[in-house]
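Q: Sharing work-v8.cif here; it has mmCIF, C-alpha atoms.
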data_model
#
loop_
_atom_site.label_atom_id
_atom_site.label_comp_id
_atom_site.auth_asym_id
_atom_site.auth_seq_id
_atom_site.Cartn_x
_atom_site.Cartn_y
_atom_site.Cartn_z
CA GLY C 137 0.00 0.00 0.00
CA ASP C 138 0.92 3.67 -0.03
CA SER C 139 3.28 5.01 2.62
CA VAL C 140 5.18 8.17 3.54
CA THR C 141 8.41 8.30 5.53
CA GLN C 142 9.72 11.51 7.07
CA MET C 143 13.05 12.21 8.71
CA GLU C 144 13.13 11.59 12.43
CA GLY C 145 12.68 14.60 14.63
CA PRO C 146 12.68 16.73 16.53
CA VAL C 147 14.67 19.28 14.57
CA THR C 148 16.08 22.24 16.48
CA LEU C 149 17.54 25.22 14.61
CA SER C 150 18.64 28.77 15.29
CA GLU C 151 16.80 31.62 13.60
CA GLU C 152 17.98 32.23 10.00
CA ALA C 153 19.35 28.70 9.64
CA PHE C 154 18.64 26.57 6.55
CA LEU C 155 15.95 23.92 6.92
CA THR C 156 15.57 20.57 5.20
CA ILE C 157 13.00 17.98 6.20
CA ASN C 158 13.30 14.80 4.17
CA CYS C 159 10.26 12.97 2.85
CA THR C 160 10.14 9.85 0.72
CA TYR C 161 7.12 7.93 -0.42
CA THR C 162 5.91 4.62 -1.81
CA ALA C 163 2.85 4.68 -4.02
CA THR C 164 1.41 3.14 -7.13
CA GLY C 165 1.09 5.36 -10.15
CA TYR C 166 1.46 9.12 -9.83
CA PRO C 167 0.27 10.47 -6.48
CA SER C 168 -0.16 14.12 -5.59
CA LEU C 169 2.16 15.28 -2.81
CA PHE C 170 1.52 17.74 0.02
CA TRP C 171 3.18 19.39 2.99
CA TYR C 172 0.89 20.34 5.86
CA VAL C 173 1.86 22.33 8.96
CA GLN C 174 0.32 22.08 12.43
CA TYR C 175 0.87 24.87 14.94
CA PRO C 176 0.50 24.02 18.65
CA GLY C 177 -3.05 23.11 19.61
CA GLU C 178 -4.43 23.62 16.12
CA GLY C 179 -5.55 21.63 13.11
CA LEU C 180 -3.46 21.20 9.97
CA GLN C 181 -2.99 23.82 7.27
CA LEU C 182 -1.81 23.18 3.73
CA LEU C 183 1.68 24.60 3.25
CA LEU C 184 2.31 23.59 -0.36
CA LYS C 185 1.57 20.89 -2.90
CA ALA C 186 2.75 19.38 -6.20
CA THR C 187 0.59 17.26 -8.44
CA LYS C 188 3.05 15.90 -11.02
CA ALA C 189 6.71 14.99 -11.42
CA ASP C 190 9.21 17.90 -11.40
CA ASP C 191 6.58 20.34 -10.10
CA LYS C 192 7.83 22.68 -7.39
CA GLY C 193 5.42 23.77 -4.68
CA SER C 194 6.24 26.94 -2.76
CA ASN C 195 4.67 29.11 -0.07
CA LYS C 196 5.90 31.45 2.69
CA GLY C 197 9.53 30.82 1.73
CA PHE C 198 9.14 27.03 1.86
CA GLU C 199 9.76 24.91 -1.24
CA ALA C 200 9.54 21.26 -2.21
CA THR C 201 10.09 19.55 -5.58
CA TYR C 202 8.30 16.38 -6.69
CA ARG C 203 11.12 13.97 -7.62
CA LYS C 204 9.71 10.81 -9.14
CA GLU C 205 13.13 9.24 -9.80
CA THR C 206 13.99 9.33 -6.10
CA THR C 207 10.35 9.19 -4.85
CA SER C 208 11.04 12.21 -2.68
CA PHE C 209 9.42 15.53 -1.75
CA HIS C 210 11.88 17.20 0.61
CA LEU C 211 10.84 20.45 2.33
CA GLU C 212 13.34 23.34 2.37
CA LYS C 213 13.51 26.90 3.62
CA GLY C 214 16.51 29.15 3.31
CA SER C 215 16.10 31.11 6.53
CA VAL C 216 13.77 29.91 9.29
CA GLN C 217 12.04 32.13 11.83
CA VAL C 218 10.85 31.45 15.37
CA SER C 219 7.29 31.57 14.03
CA ASP C 220 8.05 28.51 11.84
CA SER C 221 8.13 26.32 14.95
CA ALA C 222 5.47 23.68 14.34
CA VAL C 223 4.92 20.08 13.29
CA TYR C 224 5.33 19.41 9.57
CA PHE C 225 3.58 16.52 7.80
CA CYS C 226 4.35 15.13 4.39
CA ALA C 227 1.38 13.46 2.72
CA LEU C 228 0.18 11.97 -0.55
CA THR C 229 -3.14 11.23 -2.18
CA SER C 230 -3.54 7.92 -3.86
CA ASN C 231 -3.81 7.49 -7.57
CA ALA C 232 -5.19 4.01 -7.13
CA GLY C 233 -8.70 3.24 -8.21
CA GLY C 234 -11.74 2.21 -6.21
CA THR C 235 -12.25 3.35 -2.65
CA SER C 236 -8.54 4.23 -2.23
CA TYR C 237 -8.81 7.05 -4.75
CA GLY C 238 -8.20 10.43 -3.18
CA LYS C 239 -7.25 9.00 0.21
CA LEU C 240 -4.63 11.10 2.04
CA THR C 241 -1.72 9.14 3.57
CA PHE C 242 0.47 11.00 6.09
CA GLY C 243 4.02 10.66 7.33
CA GLN C 244 4.57 10.61 11.09
CA GLY C 245 5.33 14.33 11.32
CA THR C 246 8.52 16.22 12.15
CA ILE C 247 8.64 18.64 15.07
CA LEU C 248 10.58 21.81 14.26
CA THR C 249 11.73 24.18 16.99
CA VAL C 250 13.45 27.44 16.04
CA HIS C 251 15.33 29.39 18.73
CA PRO C 252 16.04 33.15 18.56
CA ASP D 32 -15.89 33.32 7.33
CA GLY D 33 -15.96 29.85 5.81
CA GLY D 34 -14.38 27.03 7.73
CA ILE D 35 -14.70 23.90 9.80
CA THR D 36 -15.92 23.92 13.38
CA GLN D 37 -15.24 21.14 15.84
CA SER D 38 -16.67 21.15 19.31
CA PRO D 39 -15.81 20.90 22.06
CA LYS D 40 -12.06 21.54 22.04
CA TYR D 41 -11.53 19.28 25.07
CA LEU D 42 -13.75 16.35 26.05
CA PHE D 43 -13.52 14.06 29.05
CA ARG D 44 -15.42 10.79 29.42
CA LYS D 45 -15.48 7.76 31.63
CA GLU D 46 -14.55 4.39 30.20
CA GLY D 47 -17.57 2.51 28.85
CA GLN D 48 -19.45 5.61 27.68
CA ASN D 49 -20.13 6.47 24.06
CA VAL D 50 -19.25 10.02 23.03
CA THR D 51 -20.07 12.01 19.89
CA LEU D 52 -17.70 14.57 18.41
CA SER D 53 -19.17 17.35 16.32
CA CYS D 54 -17.89 18.53 12.94
CA GLU D 55 -19.59 21.25 10.90
CA GLN D 56 -18.39 22.95 7.70
CA ASN D 57 -19.81 25.89 5.76
CA LEU D 58 -17.45 25.54 2.80
CA ASN D 59 -20.04 23.68 0.70
CA HIS D 60 -17.60 20.77 0.39
CA ASP D 61 -18.90 17.37 -0.68
CA ALA D 62 -16.23 15.21 0.97
CA MET D 63 -15.57 15.00 4.70
CA TYR D 64 -13.05 13.02 6.74
CA TRP D 65 -12.24 12.00 10.31
CA TYR D 66 -8.66 11.40 11.44
CA ARG D 67 -7.09 10.32 14.68
CA GLN D 68 -3.72 11.73 15.77
CA ASP D 69 -1.57 10.10 18.45
CA PRO D 70 1.73 11.50 19.78
CA GLY D 71 4.65 10.84 17.43
CA GLN D 72 2.39 9.41 14.74
CA GLY D 73 0.88 10.79 11.62
CA LEU D 74 -2.84 11.07 11.08
CA ARG D 75 -4.80 7.90 10.52
CA LEU D 76 -8.08 7.87 8.63
CA ILE D 77 -11.12 6.65 10.56
CA TYR D 78 -14.04 7.30 8.18
CA TYR D 79 -14.75 9.41 5.15
CA SER D 80 -17.81 10.51 3.23
CA GLN D 81 -17.87 11.59 -0.40
CA ILE D 82 -21.52 12.61 -0.44
CA VAL D 83 -24.57 12.92 1.81
CA ASN D 84 -25.96 9.61 3.09
CA ASP D 85 -22.82 7.74 2.08
CA PHE D 86 -19.63 6.98 4.01
CA GLN D 87 -16.73 4.54 3.88
CA LYS D 88 -14.47 2.96 6.50
CA GLY D 89 -10.91 4.18 6.66
CA ASP D 90 -7.91 2.35 8.06
CA ILE D 91 -8.96 2.27 11.72
CA ALA D 92 -12.78 2.27 11.76
CA GLU D 93 -13.25 -0.35 14.48
CA GLY D 94 -14.97 1.12 17.55
CA TYR D 95 -16.19 4.22 15.68
CA SER D 96 -19.37 5.14 13.83
CA VAL D 97 -20.43 8.13 11.71
CA SER D 98 -23.45 9.58 9.95
CA ARG D 99 -23.82 12.03 7.07
CA GLU D 100 -27.42 13.21 7.02
CA LYS D 101 -26.55 16.76 5.97
CA LYS D 102 -23.84 18.06 3.67
CA GLU D 103 -22.41 20.36 6.32
CA SER D 104 -22.29 17.90 9.21
CA PHE D 105 -20.29 14.70 9.82
CA PRO D 106 -20.44 13.66 13.51
CA LEU D 107 -18.18 10.91 14.84
CA THR D 108 -19.23 8.60 17.68
CA VAL D 109 -16.50 6.94 19.69
CA THR D 110 -18.10 3.82 21.14
CA SER D 111 -17.17 1.81 24.21
CA ALA D 112 -15.78 -0.82 21.81
CA GLN D 113 -12.84 1.45 20.91
CA LYS D 114 -9.98 0.07 23.00
CA ASN D 115 -7.79 3.19 23.13
CA PRO D 116 -10.07 6.20 22.56
CA THR D 117 -7.85 8.87 24.14
CA ALA D 118 -6.45 10.89 21.21
CA PHE D 119 -6.67 14.11 19.23
CA TYR D 120 -9.44 13.90 16.61
CA LEU D 121 -9.38 16.00 13.47
CA CYS D 122 -12.16 16.56 10.98
CA ALA D 123 -11.44 17.68 7.43
CA SER D 124 -13.34 18.48 4.26
CA ARG D 125 -12.54 18.81 0.58
CA VAL D 126 -14.32 20.22 -2.45
CA SER D 127 -14.57 16.70 -3.84
CA HIS D 128 -12.85 13.38 -3.38
CA ASP D 129 -10.60 14.30 -6.30
CA ARG D 130 -7.01 13.72 -5.22
CA ASP D 131 -5.57 17.06 -6.30
CA TYR D 132 -7.72 19.18 -4.03
CA GLU D 133 -6.40 20.07 -0.60
CA GLN D 134 -8.18 19.06 2.56
CA TYR D 135 -9.20 21.77 5.01
CA PHE D 136 -8.90 20.85 8.67
CA GLY D 137 -10.83 21.86 11.75
CA PRO D 138 -9.08 22.82 15.03
CA GLY D 139 -9.53 19.35 16.51
CA THR D 140 -11.06 17.81 19.64
CA ARG D 141 -8.85 16.32 22.32
CA LEU D 142 -10.69 13.37 23.89
CA THR D 143 -9.55 11.92 27.19
CA VAL D 144 -11.15 8.74 28.48
CA THR D 145 -10.38 7.57 32.02
#
Output the file's structure in the form of structure tokens.
A:
Amino acid sequence: GDSVTQMEGPVTLSEEAFLTINCTYTATGYPSLFWYVQYPGEGLQLLLKATKADDKGSNKGFEATYRKETTSFHLEKGSVQVSDSAVYFCALTSNAGGTSYGKLTFGQGTILTVHP
Amino acid sequence: DGGITQSPKYLFRKEGQNVTLSCEQNLNHDAMYWYRQDPGQGLRLIYYSQIVNDFQKGDIAEGYSVSREKKESFPLTVTSAQKNPTAFYLCASRVSHDRDYEQYFGPGTRLTVT
């Protein structure tokens, strides 16, 4: 079945440091890929998405490129801020048919803490 | 403002009691979802509904039940058969079940069963 694997956390960085959170996936066909962010005590918000190979999603200084050859969708930001502290989830929606179509599969989440 | 409302934010129950979590959306979305989140784990799908009066089991449906009598409402009942009900529950909706559309999430309900 489909699965998403994220790098182990937590990740602790100083403000203005470079961020990479690795995400790899296993899926049949051509899934759509997403990064969601969860701030403390809240629900999830979409950060960015990519729906086909080589697409780059970007938002709020974050970027991720859909790499089919390496089945990866790594999240990057050039200069993190304290306000970026949150839990980040990589996810995919299935391209399989039947009742699996459109189902969202999540990675385990990566906790990011940014210190001033 | 359009969005998803979940109530209450915190819920406490005694073991053996059924409890119903509310989820309402005014986004006019057809598809709705219930997820469970446990510490250190990603979200796991409990139930989803693509249209009114229809719903499907997700990966961990045992011990849960849902209904979808109205487009805007998708309540989740955690029954006494659910062995480990204490968790953070998130409701989500999407324009349609089409895979490219993002899901919008509510603020969640934290259920504690003792």
Q: Between atom CA of Asp191 of chain C and atom CA of Glu212 of chain C, measure the distance and give it in Å to one decimal.
A: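 Separating atom CA of Asp191 of chain C from atom CA of Glu212 of chain C is a distance of 14.5 Å.
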Q: Which polymer residues, protein or nucleic acid, are no farther than 10 Å from (16.7, 22.8, 9.9), counting all atoms listed in the file, as a ChimeraX atom specification?
A: /C:146-157,211-216,248-250
Q: Take the PyMOL selection byres ((chain C and resi 176-184) around 7), run it mentally on this structure, and tell me the resulting residues as number ranges by chain.
A: C: 170-175, 185, 193-195, 222; D: 121, 135-139
Q: When the cut-off is 9 Å and we count only C-alpha atoms, which residues of chain C are near chain D, given as a list in words?
A: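 In the required form, that comes to Pro167, Ser168, Leu169, Phe170, Gly177, Glu178, Gly179, Leu180, Gln181, Leu182, Lys185, Ala186, Thr187, Phe225, Leu228, Thr229, Ser230, Asn231, Thr235, Tyr237, Gly238, Lys239, Leu240, Thr241, Phe242, Gly243, Gln244, Gly245 and Thr246 of chain C.
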Q: Env of segment 48-55 of chain D: 9 Å cut, atoms = all atoms listed in the file, seq-sep filter 4 positions within chain, self excluded. Answer as a count of residues only.
A: 27
Q: Could you please determine the separation between atom CA of Gln81 of chain D and atom CA of Val126 of chain D in Å, to one decimal place?
A: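 Distance between the two atoms: 9.6 Å.
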Q: So which residues get picked by the PyMOL selection byres ((chain C and resi 209) around 8) here, written as a list in words?
A: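 Written out, the selection comes to Asn158, Cys159, Thr160, Leu169, Ala200, Thr201, Tyr202, Arg203, Thr207, Ser208, His210, Leu211 and Cys226 of chain C.
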Q: So the first atom is atom CA of Asp90 of chain D and the second is atom CA of Ser139 of chain C; what is the distance between them in Å, to one decimal place?
A: 12.7 Å
Q: I'd like the residues picked by the PyMOL selection byres ((chain C and resi 163) around 7) written out as an MDAnalysis selection string, using the chain letters and numbers from the file.
A: chainID C and resid 137:139 161:162 164:165 167
Q: Limit the output to N, CA, C and O atoms and give segment 166-191 of chain C as a CSV table (one decimal), in the first residue's frame.
A:
chain,number,residue,atom,x,y,z
C,166,TYR,N,0.9,7.8,-10.0
C,166,TYR,CA,1.5,9.1,-9.8
C,166,TYR,C,0.7,9.9,-8.8
C,166,TYR,O,-0.3,10.6,-9.1
C,167,PRO,N,1.0,9.8,-7.5
C,167,PRO,CA,0.3,10.5,-6.5
C,167,PRO,C,0.5,12.0,-6.5
C,167,PRO,O,1.4,12.5,-7.1
C,168,SER,N,-0.4,12.7,-5.9
C,168,SER,CA,-0.2,14.1,-5.6
C,168,SER,C,0.5,14.2,-4.2
C,168,SER,O,0.2,13.4,-3.3
C,169,LEU,N,1.4,15.2,-4.0
C,169,LEU,CA,2.2,15.3,-2.8
C,169,LEU,C,1.9,16.6,-2.1
C,169,LEU,O,1.7,17.6,-2.8
C,170,PHE,N,1.9,16.6,-0.8
C,170,PHE,CA,1.5,17.7,0.0
C,170,PHE,C,2.5,17.9,1.2
C,170,PHE,O,3.0,16.9,1.7
C,171,TRP,N,2.6,19.1,1.7
C,171,TRP,CA,3.2,19.4,3.0
C,171,TRP,C,2.1,20.2,3.8
C,171,TRP,O,1.6,21.2,3.3
C,172,TYR,N,1.8,19.7,4.9
C,172,TYR,CA,0.9,20.3,5.9
C,172,TYR,C,1.7,20.8,7.1
C,172,TYR,O,2.6,20.1,7.5
C,173,VAL,N,1.2,21.8,7.7
C,173,VAL,CA,1.9,22.3,9.0
C,173,VAL,C,0.8,22.4,10.1
C,173,VAL,O,-0.4,22.8,9.8
C,174,GLN,N,1.2,22.0,11.3
C,174,GLN,CA,0.3,22.1,12.4
C,174,GLN,C,1.0,22.9,13.5
C,174,GLN,O,2.0,22.5,14.1
C,175,TYR,N,0.4,24.1,13.8
C,175,TYR,CA,0.9,24.9,14.9
C,175,TYR,C,0.3,24.3,16.2
C,175,TYR,O,-0.8,23.7,16.2
C,176,PRO,N,0.9,24.6,17.4
C,176,PRO,CA,0.5,24.0,18.7
C,176,PRO,C,-1.0,24.2,18.9
C,176,PRO,O,-1.5,25.3,18.9
C,177,GLY,N,-1.6,23.1,19.2
C,177,GLY,CA,-3.0,23.1,19.6
C,177,GLY,C,-4.0,23.3,18.5
C,177,GLY,O,-5.2,23.6,18.7
C,178,GLU,N,-3.6,23.3,17.2
C,178,GLU,CA,-4.4,23.6,16.1
C,178,GLU,C,-4.5,22.4,15.2
C,178,GLU,O,-3.9,21.4,15.3
C,179,GLY,N,-5.4,22.6,14.2
C,179,GLY,CA,-5.5,21.6,13.1
C,179,GLY,C,-4.4,21.9,12.1
C,179,GLY,O,-3.6,22.7,12.3
C,180,LEU,N,-4.5,21.1,11.0
C,180,LEU,CA,-3.5,21.2,10.0
C,180,LEU,C,-3.8,22.2,8.9
C,180,LEU,O,-5.0,22.4,8.6
C,181,GLN,N,-2.8,22.9,8.4
C,181,GLN,CA,-3.0,23.8,7.3
C,181,GLN,C,-2.1,23.4,6.1
C,181,GLN,O,-1.0,22.9,6.3
C,182,LEU,N,-2.6,23.5,4.9
C,182,LEU,CA,-1.8,23.2,3.7
C,182,LEU,C,-0.7,24.2,3.6
C,182,LEU,O,-0.9,25.4,3.6
C,183,LEU,N,0.5,23.7,3.5
C,183,LEU,CA,1.7,24.6,3.2
C,183,LEU,C,2.0,24.7,1.8
C,183,LEU,O,2.2,25.8,1.2
C,184,LEU,N,2.1,23.6,1.1
C,184,LEU,CA,2.3,23.6,-0.4
C,184,LEU,C,2.0,22.2,-0.9
C,184,LEU,O,1.8,21.3,-0.2
C,185,LYS,N,1.9,22.2,-2.3
C,185,LYS,CA,1.6,20.9,-2.9
C,185,LYS,C,2.2,20.8,-4.3
C,185,LYS,O,2.6,21.9,-4.9
C,186,ALA,N,2.3,19.6,-4.8
C,186,ALA,CA,2.8,19.4,-6.2
C,186,ALA,C,2.0,18.2,-6.7
C,186,ALA,O,1.8,17.2,-6.0
C,187,THR,N,1.5,18.3,-7.9
C,187,THR,CA,0.6,17.3,-8.4
C,187,THR,C,1.2,16.4,-9.5
C,187,THR,O,0.6,15.4,-10.0
C,188,LYS,N,2.4,16.8,-10.0
C,188,LYS,CA,3.1,15.9,-11.0
C,188,LYS,C,4.6,16.0,-10.9
C,188,LYS,O,5.1,17.0,-10.3
C,189,ALA,N,5.2,15.1,-11.5
C,189,ALA,CA,6.7,15.0,-11.4
C,189,ALA,C,7.4,16.3,-11.9
C,189,ALA,O,6.9,16.9,-12.9
C,190,ASP,N,8.4,16.7,-11.1
C,190,ASP,CA,9.2,17.9,-11.4
C,190,ASP,C,8.5,19.2,-11.0
C,190,ASP,O,9.1,20.3,-11.2
C,191,ASP,N,7.3,19.1,-10.6
C,191,ASP,CA,6.6,20.3,-10.1
C,191,ASP,C,7.3,20.8,-8.8
C,191,ASP,O,7.7,20.0,-8.0
